[in-house]
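Asks: Can you keep this structure in mind? I'll have questions shortly.
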Amino acid sequence: MEQYGRVTDPVSSLRHSRIAGTGRYLPERILSNRELERMVDTTDEWIRTRTGMERRHMAADEQASSDLAIPAARAALEAASCDPAEIDLVVVGTTTPDLVFPNVGCMVQNALGIPPCGAFSCEAACTGWLYALSIADGMIRLGRANKALVVGVETLSRITDWSDRSTCVLFGDGAGAVVLEPSREPGMMGFLLGADGSHVDILRSRAGVSRNPQHFGSGGAAIRMKGSEVFKIAVRTMGGTVDRLLEEHGLDRGGIDWLIPHQANIRIIQAIGKRLNLPDERVILTVQDHGNTGAASIPLALDVAARDGRIQRGQRIMMVSFGGGLTWAAGLMQY
Ligand code: ACO
């Protein structure tokens, strides 16, 4: 039985948080499967059938993660009709911060003119945004924050080995953001966070700031993955986490309107959709256009579906993610 950190807190059941607005930013440059065919030994057909991906966005050389996070956050503030002065917490999920420090949260805060408040990054690979959202929800419920900006951003192209066909076709860059505000009704209904550090070798980079720093700038930070092993554990842990969260809330598998999964592979997504008895049209899919954007993938997909009118207020949404660590998480909300 997997163990989970519990975020649901019955003591603060009178105060909840809800999403007031969403936003996204995708860099202009699009990298197609056809272009990848010219870079490594692969085919458009292999990429489409094995992953569901058709294209992904790439940050320009001069764009760091904060340059993607800032316009996404600005769009979320605008959608929420929220003045930056009202924000009193900034949390950013990312694997690819601009610098070791200051953290990306401080950069977003400064660029948007948000007054002094808590601002930090949360590092849990692709699961980073759901971890960040659960932290912000907890802070609002406890009364330690009132309005929070929660951003997921990645420039995974910077830690991609462009000569490794087993990984370079998978990843993309982008940012998604939400404004969370207090609410009498949920809103955020609950989260389950999970991690198992014993699988560190199947999904990792080999160099970093304090481990093998001599290789950091020479490709050592590139993503290395045993894809089929990751695939199996992803289906098992995401499926189990979703089941457990539904059970905790007394809901059966037909009890949700939309699934927004981490966009790592269409086959993983379809397996989770099936487990929830959801028809394909109730699963938000952006993997074909965005690729795997790590911690940005769920807030990007949420913004796409909120803006095109598919997701409506009052509907119940299951979000579920998975990434290096290994880490995983699920979040249930009434939009
Ligand atoms: N083009 C053509 N052939 C390829 C490519 C490619 N781009 N990549 C791998 N292959 C080949 C392999 O070499 C292998 O060939 P072989 O049979 O001759 O040895 C064959 O295709 C099958 O390889 P598998 O790895 O078994 O392929 P699989 O069907 O598992 O698909 C994939 C690979 C897409 C990576 C899949 O395993 C997957 O999606 N895994 C999960 C990824 C994921 O969820 N990551 C989590 C988050 S990432 C993060 O946290 C940063």
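If you're wondering about the labels, chains in the structure tokens are A, B, ... by order shown, residues count from 1 in each chain, ligands from 1 in order shown.
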DSSP on the backbone: what in range 94-168 of chain A comes out strand (DSSP E), as a PDB file with N, CA, C and O atoms, in the first residue's frame?
Replies:
ATOM      1  N   GLY A 118       5.450  35.795   0.535  1.00  0.00           N
ATOM      2  CA  GLY A 118       6.147  34.532   0.335  1.00  0.00           C
ATOM      3  C   GLY A 118       6.222  34.207  -1.153  1.00  0.00           C
ATOM      4  O   GLY A 118       5.219  34.304  -1.860  1.00  0.00           O
ATOM      5  N   ALA A 119       7.420  33.847  -1.632  1.00  0.00           N
ATOM      6  CA  ALA A 119       7.590  33.506  -3.059  1.00  0.00           C
ATOM      7  C   ALA A 119       8.686  32.459  -3.147  1.00  0.00           C
ATOM      8  O   ALA A 119       9.807  32.712  -2.707  1.00  0.00           O
ATOM      9  N   PHE A 120       8.354  31.298  -3.699  1.00  0.00           N
ATOM     10  CA  PHE A 120       9.357  30.239  -3.787  1.00  0.00           C
ATOM     11  C   PHE A 120       9.034  29.242  -4.906  1.00  0.00           C
ATOM     12  O   PHE A 120       7.926  29.236  -5.430  1.00  0.00           O
ATOM     13  N   SER A 121      10.036  28.422  -5.229  1.00  0.00           N
ATOM     14  CA  SER A 121       9.844  27.365  -6.225  1.00  0.00           C
ATOM     15  C   SER A 121       9.688  26.030  -5.511  1.00  0.00           C
ATOM     16  O   SER A 121      10.196  25.845  -4.408  1.00  0.00           O
ATOM     17  N   CYS A 122       9.019  25.104  -6.180  1.00  0.00           N
ATOM     18  CA  CYS A 122       8.773  23.776  -5.635  1.00  0.00           C
ATOM     19  C   CYS A 122       9.313  22.784  -6.658  1.00  0.00           C
ATOM     20  O   CYS A 122       8.908  22.803  -7.822  1.00  0.00           O
ATOM     21  N   ALA A 148      -3.269  33.414  -3.986  1.00  0.00           N
ATOM     22  CA  ALA A 148      -1.989  32.841  -4.390  1.00  0.00           C
ATOM     23  C   ALA A 148      -1.908  32.717  -5.905  1.00  0.00           C
ATOM     24  O   ALA A 148      -2.906  32.437  -6.574  1.00  0.00           O
ATOM     25  N   LEU A 149      -0.703  32.956  -6.398  1.00  0.00           N
ATOM     26  CA  LEU A 149      -0.391  32.713  -7.806  1.00  0.00           C
ATOM     27  C   LEU A 149       0.389  31.406  -7.862  1.00  0.00           C
ATOM     28  O   LEU A 149       1.420  31.285  -7.175  1.00  0.00           O
ATOM     29  N   VAL A 150      -0.114  30.437  -8.603  1.00  0.00           N
ATOM     30  CA  VAL A 150       0.546  29.126  -8.661  1.00  0.00           C
ATOM     31  C   VAL A 150       0.898  28.829 -10.124  1.00  0.00           C
ATOM     32  O   VAL A 150       0.003  28.673 -10.962  1.00  0.00           O
ATOM     33  N   VAL A 151       2.198  28.792 -10.394  1.00  0.00           N
ATOM     34  CA  VAL A 151       2.685  28.687 -11.776  1.00  0.00           C
ATOM     35  C   VAL A 151       3.410  27.356 -11.963  1.00  0.00           C
ATOM     36  O   VAL A 151       4.106  26.883 -11.061  1.00  0.00           O
ATOM     37  N   GLY A 152       3.241  26.760 -13.137  1.00  0.00           N
ATOM     38  CA  GLY A 152       4.073  25.612 -13.544  1.00  0.00           C
ATOM     39  C   GLY A 152       4.826  26.034 -14.788  1.00  0.00           C
ATOM     40  O   GLY A 152       4.207  26.514 -15.747  1.00  0.00           O
ATOM     41  N   VAL A 153       6.134  25.883 -14.785  1.00  0.00           N
ATOM     42  CA  VAL A 153       6.914  26.352 -15.945  1.00  0.00           C
ATOM     43  C   VAL A 153       8.102  25.429 -16.188  1.00  0.00           C
ATOM     44  O   VAL A 153       8.699  24.915 -15.245  1.00  0.00           O
ATOM     45  N   GLU A 154       8.412  25.217 -17.455  1.00  0.00           N
ATOM     46  CA  GLU A 154       9.609  24.436 -17.797  1.00  0.00           C
ATOM     47  C   GLU A 154      10.255  24.953 -19.075  1.00  0.00           C
ATOM     48  O   GLU A 154       9.557  25.364 -20.014  1.00  0.00           O
ATOM     49  N   THR A 155      11.575  24.885 -19.092  1.00  0.00           N
ATOM     50  CA  THR A 155      12.356  24.977 -20.334  1.00  0.00           C
ATOM     51  C   THR A 155      13.141  23.659 -20.418  1.00  0.00           C
ATOM     52  O   THR A 155      14.370  23.643 -20.295  1.00  0.00           O
TER      53      THR A 155
END
Asks: Could I get the residue neighbourhood of ligand 1 at 8 Å, counting only C-alpha atoms and all ligand atoms, as a tab-separated table (two decimals) with all heavy atoms, in the first residue's frame?
Replies:
chain	number	residue	atom	x	y	z
A	40	VAL	N	17.43	13.13	-35.58
A	40	VAL	CA	17.79	11.81	-35.03
A	40	VAL	C	17.09	10.72	-35.85
A	40	VAL	O	16.22	11.02	-36.67
A	40	VAL	CB	17.38	11.66	-33.52
A	40	VAL	CG1	18.27	12.48	-32.61
A	40	VAL	CG2	15.91	12.01	-33.31
A	41	ASP	N	17.46	9.45	-35.57
A	41	ASP	CA	16.89	8.33	-36.32
A	41	ASP	C	15.50	8.01	-35.77
A	41	ASP	O	15.33	7.14	-34.90
A	41	ASP	CB	17.85	7.13	-36.16
A	41	ASP	CG	17.35	5.91	-36.91
A	41	ASP	OD1	16.46	6.07	-37.79
A	41	ASP	OD2	17.83	4.80	-36.62
A	42	THR	N	14.50	8.75	-36.26
A	42	THR	CA	13.12	8.54	-35.80
A	42	THR	C	12.18	8.83	-36.94
A	42	THR	O	12.61	9.27	-38.02
A	42	THR	CB	12.80	9.44	-34.58
A	42	THR	OG1	11.57	9.02	-34.01
A	42	THR	CG2	12.71	10.92	-34.96
A	43	THR	N	10.88	8.58	-36.72
A	43	THR	CA	9.88	8.90	-37.75
A	43	THR	C	8.69	9.57	-37.08
A	43	THR	O	8.39	9.31	-35.91
A	43	THR	CB	9.38	7.63	-38.48
A	43	THR	OG1	8.77	6.78	-37.49
A	43	THR	CG2	10.50	6.91	-39.20
A	46	TRP	N	6.43	6.87	-35.75
A	46	TRP	CA	6.82	6.28	-34.45
A	46	TRP	C	6.41	7.21	-33.32
A	46	TRP	O	5.81	6.78	-32.32
A	46	TRP	CB	8.34	6.02	-34.40
A	46	TRP	CG	8.74	5.18	-33.21
A	46	TRP	CD1	8.94	3.83	-33.18
A	46	TRP	CD2	8.97	5.64	-31.85
A	46	TRP	NE1	9.27	3.42	-31.91
A	46	TRP	CE2	9.30	4.51	-31.07
A	46	TRP	CE3	8.92	6.88	-31.22
A	46	TRP	CZ2	9.59	4.58	-29.71
A	46	TRP	CZ3	9.20	6.95	-29.85
A	46	TRP	CH2	9.53	5.81	-29.11
A	47	ILE	N	6.70	8.50	-33.50
A	47	ILE	CA	6.42	9.45	-32.40
A	47	ILE	C	4.91	9.54	-32.15
A	47	ILE	O	4.44	9.48	-31.01
A	47	ILE	CB	7.01	10.84	-32.70
A	47	ILE	CG1	8.53	10.75	-32.93
A	47	ILE	CG2	6.72	11.81	-31.55
A	47	ILE	CD1	9.16	12.04	-33.44
A	50	ARG	N	3.57	6.01	-30.67
A	50	ARG	CA	4.07	5.63	-29.34
A	50	ARG	C	3.78	6.68	-28.27
A	50	ARG	O	3.79	6.37	-27.08
A	50	ARG	CB	5.58	5.40	-29.38
A	50	ARG	CG	6.03	4.25	-30.23
A	50	ARG	CD	5.52	2.92	-29.68
A	50	ARG	NE	5.97	1.81	-30.48
A	50	ARG	CZ	6.90	0.94	-30.11
A	50	ARG	NH1	7.45	1.03	-28.92
A	50	ARG	NH2	7.26	-0.03	-30.91
A	51	THR	N	3.60	7.95	-28.68
A	51	THR	CA	3.46	9.02	-27.67
A	51	THR	C	2.23	9.90	-27.86
A	51	THR	O	1.81	10.57	-26.92
A	51	THR	CB	4.69	9.96	-27.68
A	51	THR	OG1	4.63	10.77	-28.87
A	51	THR	CG2	6.00	9.21	-27.65
A	95	THR	N	11.32	22.31	-12.80
A	95	THR	CA	12.54	21.51	-12.74
A	95	THR	C	13.70	22.30	-13.33
A	95	THR	O	14.86	21.91	-13.20
A	95	THR	CB	12.37	20.24	-13.62
A	95	THR	OG1	11.04	19.75	-13.47
A	95	THR	CG2	13.34	19.14	-13.23
A	125	ALA	N	9.90	17.62	-10.15
A	125	ALA	CA	9.84	17.24	-11.57
A	125	ALA	C	8.44	17.54	-12.13
A	125	ALA	O	7.86	18.58	-11.80
A	125	ALA	CB	10.28	15.80	-11.76
A	126	CYS	N	7.90	16.63	-12.93
A	126	CYS	CA	6.63	16.90	-13.60
A	126	CYS	C	5.47	17.09	-12.62
A	126	CYS	O	4.44	17.66	-12.96
A	126	CYS	CB	6.29	15.77	-14.56
A	126	CYS	SG	7.58	15.48	-15.76
A	127	THR	N	5.62	16.58	-11.40
A	127	THR	CA	4.56	16.69	-10.39
A	127	THR	C	4.61	18.03	-9.66
A	127	THR	O	3.78	18.31	-8.81
A	127	THR	CB	4.70	15.53	-9.37
A	127	THR	OG1	5.05	14.34	-10.07
A	127	THR	CG2	3.41	15.26	-8.64
A	156	LEU	N	12.39	22.57	-20.62
A	156	LEU	CA	13.02	21.24	-20.64
A	156	LEU	C	13.97	21.07	-21.82
A	156	LEU	O	14.86	20.22	-21.80
A	156	LEU	CB	11.95	20.15	-20.65
A	156	LEU	CG	11.12	20.03	-19.36
A	156	LEU	CD1	10.01	19.00	-19.52
A	156	LEU	CD2	11.99	19.66	-18.16
A	165	ARG	N	17.49	9.80	-29.24
A	165	ARG	CA	16.14	9.74	-29.82
A	165	ARG	C	15.09	9.24	-28.83
A	165	ARG	O	13.90	9.50	-29.00
A	165	ARG	CB	16.13	8.84	-31.06
A	165	ARG	CG	16.32	7.36	-30.75
A	165	ARG	CD	16.15	6.51	-31.99
A	165	ARG	NE	16.27	5.09	-31.64
A	165	ARG	CZ	16.03	4.11	-32.49
A	165	ARG	NH1	15.69	4.39	-33.73
A	165	ARG	NH2	16.15	2.86	-32.10
A	166	SER	N	15.55	8.51	-27.78
A	166	SER	CA	14.56	7.96	-26.84
A	166	SER	C	14.00	9.04	-25.90
A	166	SER	O	12.99	8.81	-25.24
A	166	SER	CB	15.16	6.81	-26.04
A	166	SER	OG	16.13	7.29	-25.14
A	167	THR	N	14.64	10.19	-25.82
A	167	THR	CA	14.09	11.26	-24.97
A	167	THR	C	13.83	12.57	-25.74
A	167	THR	O	12.87	13.28	-25.41
A	167	THR	CB	15.04	11.59	-23.80
A	167	THR	OG1	16.34	11.90	-24.31
A	167	THR	CG2	15.13	10.47	-22.79
A	168	CYS	N	14.63	12.88	-26.76
A	168	CYS	CA	14.53	14.24	-27.33
A	168	CYS	C	13.23	14.50	-28.07
A	168	CYS	O	12.87	15.65	-28.28
A	168	CYS	CB	15.74	14.57	-28.20
A	168	CYS	SG	15.70	13.82	-29.84
A	169	VAL	N	12.50	13.43	-28.43
A	169	VAL	CA	11.23	13.65	-29.14
A	169	VAL	C	10.09	13.98	-28.16
A	169	VAL	O	9.00	14.35	-28.59
A	169	VAL	CB	10.85	12.40	-29.97
A	169	VAL	CG1	11.94	12.06	-30.97
A	169	VAL	CG2	10.55	11.19	-29.08
A	170	LEU	N	10.37	13.85	-26.86
A	170	LEU	CA	9.27	13.87	-25.88
A	170	LEU	C	8.96	15.24	-25.27
A	170	LEU	O	7.82	15.49	-24.88
A	170	LEU	CB	9.58	12.91	-24.72
A	170	LEU	CG	9.85	11.44	-25.08
A	170	LEU	CD1	10.25	10.66	-23.83
A	170	LEU	CD2	8.61	10.83	-25.72
A	203	LEU	N	14.74	7.55	-13.95
A	203	LEU	CA	14.38	8.85	-14.52
A	203	LEU	C	15.17	9.91	-13.77
A	203	LEU	O	14.85	10.21	-12.62
A	203	LEU	CB	12.86	9.06	-14.37
A	203	LEU	CG	12.25	10.34	-14.91
A	203	LEU	CD1	12.63	10.60	-16.35
A	203	LEU	CD2	10.74	10.31	-14.76
A	204	ARG	N	16.21	10.44	-14.40
A	204	ARG	CA	17.07	11.38	-13.67
A	204	ARG	C	17.97	12.14	-14.63
A	204	ARG	O	18.08	11.81	-15.81
A	204	ARG	CB	17.96	10.61	-12.69
A	204	ARG	CG	19.00	9.74	-13.38
A	204	ARG	CD	19.87	8.98	-12.42
A	204	ARG	NE	20.51	9.84	-11.44
A	204	ARG	CZ	21.31	9.41	-10.48
A	204	ARG	NH1	21.57	8.12	-10.36
A	204	ARG	NH2	21.86	10.23	-9.63
A	223	ILE	N	18.11	14.82	-19.40
A	223	ILE	CA	17.18	13.80	-18.89
A	223	ILE	C	17.60	12.42	-19.42
A	223	ILE	O	17.80	12.24	-20.63
A	223	ILE	CB	15.74	14.11	-19.36
A	223	ILE	CG1	15.30	15.47	-18.83
A	223	ILE	CG2	14.78	13.00	-18.95
A	223	ILE	CD1	14.09	16.06	-19.55
A	225	MET	N	16.26	8.37	-19.17
A	225	MET	CA	15.03	7.69	-18.75
A	225	MET	C	14.99	6.26	-19.28
A	225	MET	O	15.32	6.02	-20.44
A	225	MET	CB	13.83	8.47	-19.29
A	225	MET	CG	12.50	7.88	-18.94
A	225	MET	SD	11.15	9.00	-19.32
A	225	MET	CE	11.21	9.01	-21.10
A	226	LYS	N	14.59	5.33	-18.41
A	226	LYS	CA	14.26	3.98	-18.87
A	226	LYS	C	12.76	3.99	-19.13
A	226	LYS	O	11.94	3.75	-18.21
A	226	LYS	CB	14.66	2.95	-17.81
A	226	LYS	CG	16.18	2.87	-17.63
A	226	LYS	CD	16.58	1.88	-16.56
A	226	LYS	CE	18.10	1.92	-16.38
A	226	LYS	NZ	18.55	1.36	-15.10
A	227	GLY	N	12.40	4.35	-20.38
A	227	GLY	CA	11.02	4.69	-20.71
A	227	GLY	C	9.98	3.65	-20.37
A	227	GLY	O	8.95	3.96	-19.77
A	228	SER	N	10.26	2.39	-20.72
A	228	SER	CA	9.19	1.39	-20.52
A	228	SER	C	8.99	1.10	-19.03
A	228	SER	O	7.87	0.82	-18.59
A	228	SER	CB	9.46	0.11	-21.31
A	228	SER	OG	10.73	-0.37	-20.99
A	229	GLU	N	10.08	1.18	-18.22
A	229	GLU	CA	9.91	0.99	-16.76
A	229	GLU	C	9.10	2.14	-16.16
A	229	GLU	O	8.20	1.95	-15.33
A	229	GLU	CB	11.28	0.92	-16.08
A	229	GLU	CG	11.99	-0.39	-16.34
A	229	GLU	CD	13.36	-0.43	-15.68
A	229	GLU	OE1	13.46	-0.09	-14.49
A	229	GLU	OE2	14.33	-0.80	-16.37
A	230	VAL	N	9.44	3.37	-16.61
A	230	VAL	CA	8.71	4.55	-16.12
A	230	VAL	C	7.24	4.42	-16.49
A	230	VAL	O	6.35	4.69	-15.68
A	230	VAL	CB	9.31	5.85	-16.72
A	230	VAL	CG1	8.46	7.05	-16.36
A	230	VAL	CG2	10.75	6.04	-16.24
A	231	PHE	N	6.99	4.00	-17.72
A	231	PHE	CA	5.62	3.84	-18.23
A	231	PHE	C	4.77	2.97	-17.29
A	231	PHE	O	3.69	3.36	-16.87
A	231	PHE	CB	5.69	3.20	-19.63
A	231	PHE	CG	4.41	3.21	-20.39
A	231	PHE	CD1	4.21	4.09	-21.44
A	231	PHE	CD2	3.39	2.31	-20.09
A	231	PHE	CE1	3.03	4.10	-22.16
A	231	PHE	CE2	2.20	2.32	-20.80
A	231	PHE	CZ	2.02	3.21	-21.84
A	232	LYS	N	5.30	1.80	-16.94
A	232	LYS	CA	4.52	0.85	-16.12
A	232	LYS	C	4.23	1.43	-14.74
A	232	LYS	O	3.11	1.33	-14.23
A	232	LYS	CB	5.29	-0.47	-15.96
A	232	LYS	CG	5.21	-1.34	-17.19
A	232	LYS	CD	5.99	-2.63	-16.99
A	232	LYS	CE	6.78	-2.97	-18.25
A	232	LYS	NZ	8.08	-3.52	-18.05
A	234	ALA	N	4.17	4.57	-13.93
A	234	ALA	CA	3.28	5.73	-14.08
A	234	ALA	C	1.82	5.29	-14.10
A	234	ALA	O	0.97	5.85	-13.40
A	234	ALA	CB	3.63	6.49	-15.36
A	264	ALA	N	2.31	13.16	-20.63
A	264	ALA	CA	3.60	12.51	-20.92
A	264	ALA	C	3.50	11.56	-22.10
A	264	ALA	O	4.47	11.40	-22.84
A	264	ALA	CB	4.10	11.74	-19.71
A	265	ASN	N	2.34	10.93	-22.28
A	265	ASN	CA	2.20	9.92	-23.33
A	265	ASN	C	0.72	9.59	-23.47
A	265	ASN	O	0.06	9.30	-22.48
A	265	ASN	CB	2.99	8.66	-22.93
A	265	ASN	CG	3.00	7.63	-24.03
A	265	ASN	OD1	1.97	7.31	-24.62
A	265	ASN	ND2	4.18	7.12	-24.33
A	267	ARG	N	-0.76	7.05	-24.46
A	267	ARG	CA	-1.15	5.69	-24.04
A	267	ARG	C	-1.31	5.62	-22.52
A	267	ARG	O	-2.18	4.91	-22.01
A	267	ARG	CB	-0.13	4.67	-24.54
A	267	ARG	CG	-0.16	4.55	-26.08
A	267	ARG	CD	0.83	3.54	-26.57
A	267	ARG	NE	2.20	3.95	-26.35
A	267	ARG	CZ	3.20	3.16	-25.95
A	267	ARG	NH1	2.97	1.90	-25.69
A	267	ARG	NH2	4.42	3.62	-25.79
A	268	ILE	N	-0.47	6.36	-21.77
A	268	ILE	CA	-0.63	6.40	-20.31
A	268	ILE	C	-1.96	7.11	-19.99
A	268	ILE	O	-2.75	6.66	-19.15
A	268	ILE	CB	0.54	7.18	-19.64
A	268	ILE	CG1	1.88	6.47	-19.90
A	268	ILE	CG2	0.30	7.36	-18.14
A	268	ILE	CD1	3.10	7.20	-19.34
A	292	ASN	N	5.59	16.80	-23.72
A	292	ASN	CA	5.65	16.73	-22.25
A	292	ASN	C	6.34	18.00	-21.73
A	292	ASN	O	7.54	18.18	-21.90
A	292	ASN	CB	6.44	15.48	-21.84
A	292	ASN	CG	6.58	15.34	-20.33
A	292	ASN	OD1	6.28	16.26	-19.57
A	292	ASN	ND2	7.05	14.18	-19.89
A	294	GLY	N	6.49	18.88	-18.55
A	294	GLY	CA	6.82	18.73	-17.14
A	294	GLY	C	5.79	19.37	-16.23
A	294	GLY	O	4.58	19.15	-16.36
A	322	PHE	N	2.76	12.70	-12.59
A	322	PHE	CA	3.78	11.72	-12.36
A	322	PHE	C	5.11	12.26	-12.88
A	322	PHE	O	5.13	12.92	-13.90
A	322	PHE	CB	3.41	10.45	-13.14
A	322	PHE	CG	4.41	9.37	-13.02
A	322	PHE	CD1	4.35	8.50	-11.95
A	322	PHE	CD2	5.42	9.23	-13.94
A	322	PHE	CE1	5.29	7.50	-11.81
A	322	PHE	CE2	6.37	8.24	-13.81
A	322	PHE	CZ	6.30	7.38	-12.74
A	323	GLY	N	6.22	12.00	-12.21
A	323	GLY	CA	7.50	12.50	-12.73
A	323	GLY	C	8.69	11.94	-11.99
A	323	GLY	O	8.58	11.05	-11.14
A	324	GLY	N	9.86	12.49	-12.32
A	324	GLY	CA	11.12	12.04	-11.72
A	324	GLY	C	11.07	12.16	-10.21
A	324	GLY	O	10.40	13.02	-9.64
A	325	GLY	N	11.77	11.26	-9.57
A	325	GLY	CA	11.79	11.27	-8.09
A	325	GLY	C	11.90	9.87	-7.51
A	325	GLY	O	12.78	9.62	-6.76
A	326	LEU	N	10.97	8.99	-7.88
A	326	LEU	CA	9.72	9.27	-8.60
A	326	LEU	C	8.73	10.02	-7.69
A	326	LEU	O	8.68	9.76	-6.49
A	326	LEU	CB	9.07	7.97	-9.07
A	326	LEU	CG	9.91	7.15	-10.06
A	326	LEU	CD1	9.28	5.81	-10.35
A	326	LEU	CD2	10.13	7.90	-11.36
Asks: Nearest residue to Ile114 in chain A out of A:Val178, A:Val90, A:Ile135, A:Ala85, using only C-alpha atoms?
Replies: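 The closest residue to Ile114 in chain A is A:Ala85.
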Asks: Env of Gly314 in chain A: 10 Å cut, atoms = only C-alpha atoms, seq-sep filter 5 positions within chain, self excluded. Answer as a list in words.
Replies: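 Those residues are Pro186, Gly187, Asp257, Met333, Gln334 and Tyr335 of chain A.
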Asks: From a DSSP pass on the backbone, collect the residues of range 231-327 of chain A flagged as alpha helix (DSSP H) and hand them back as a PyMOL selection string.
Replies: chain A and resi 231-248+266-275+287-290+297-307
Asks: Could you tell me which of A:Asp137, A:Pro97, A:Cys82, A:Gly172 comes closest to Ala60 in chain A if we count only C-alpha atoms?
Replies: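 Ranked by minimum distance to Ala60 in chain A, first place goes to A:Gly172.
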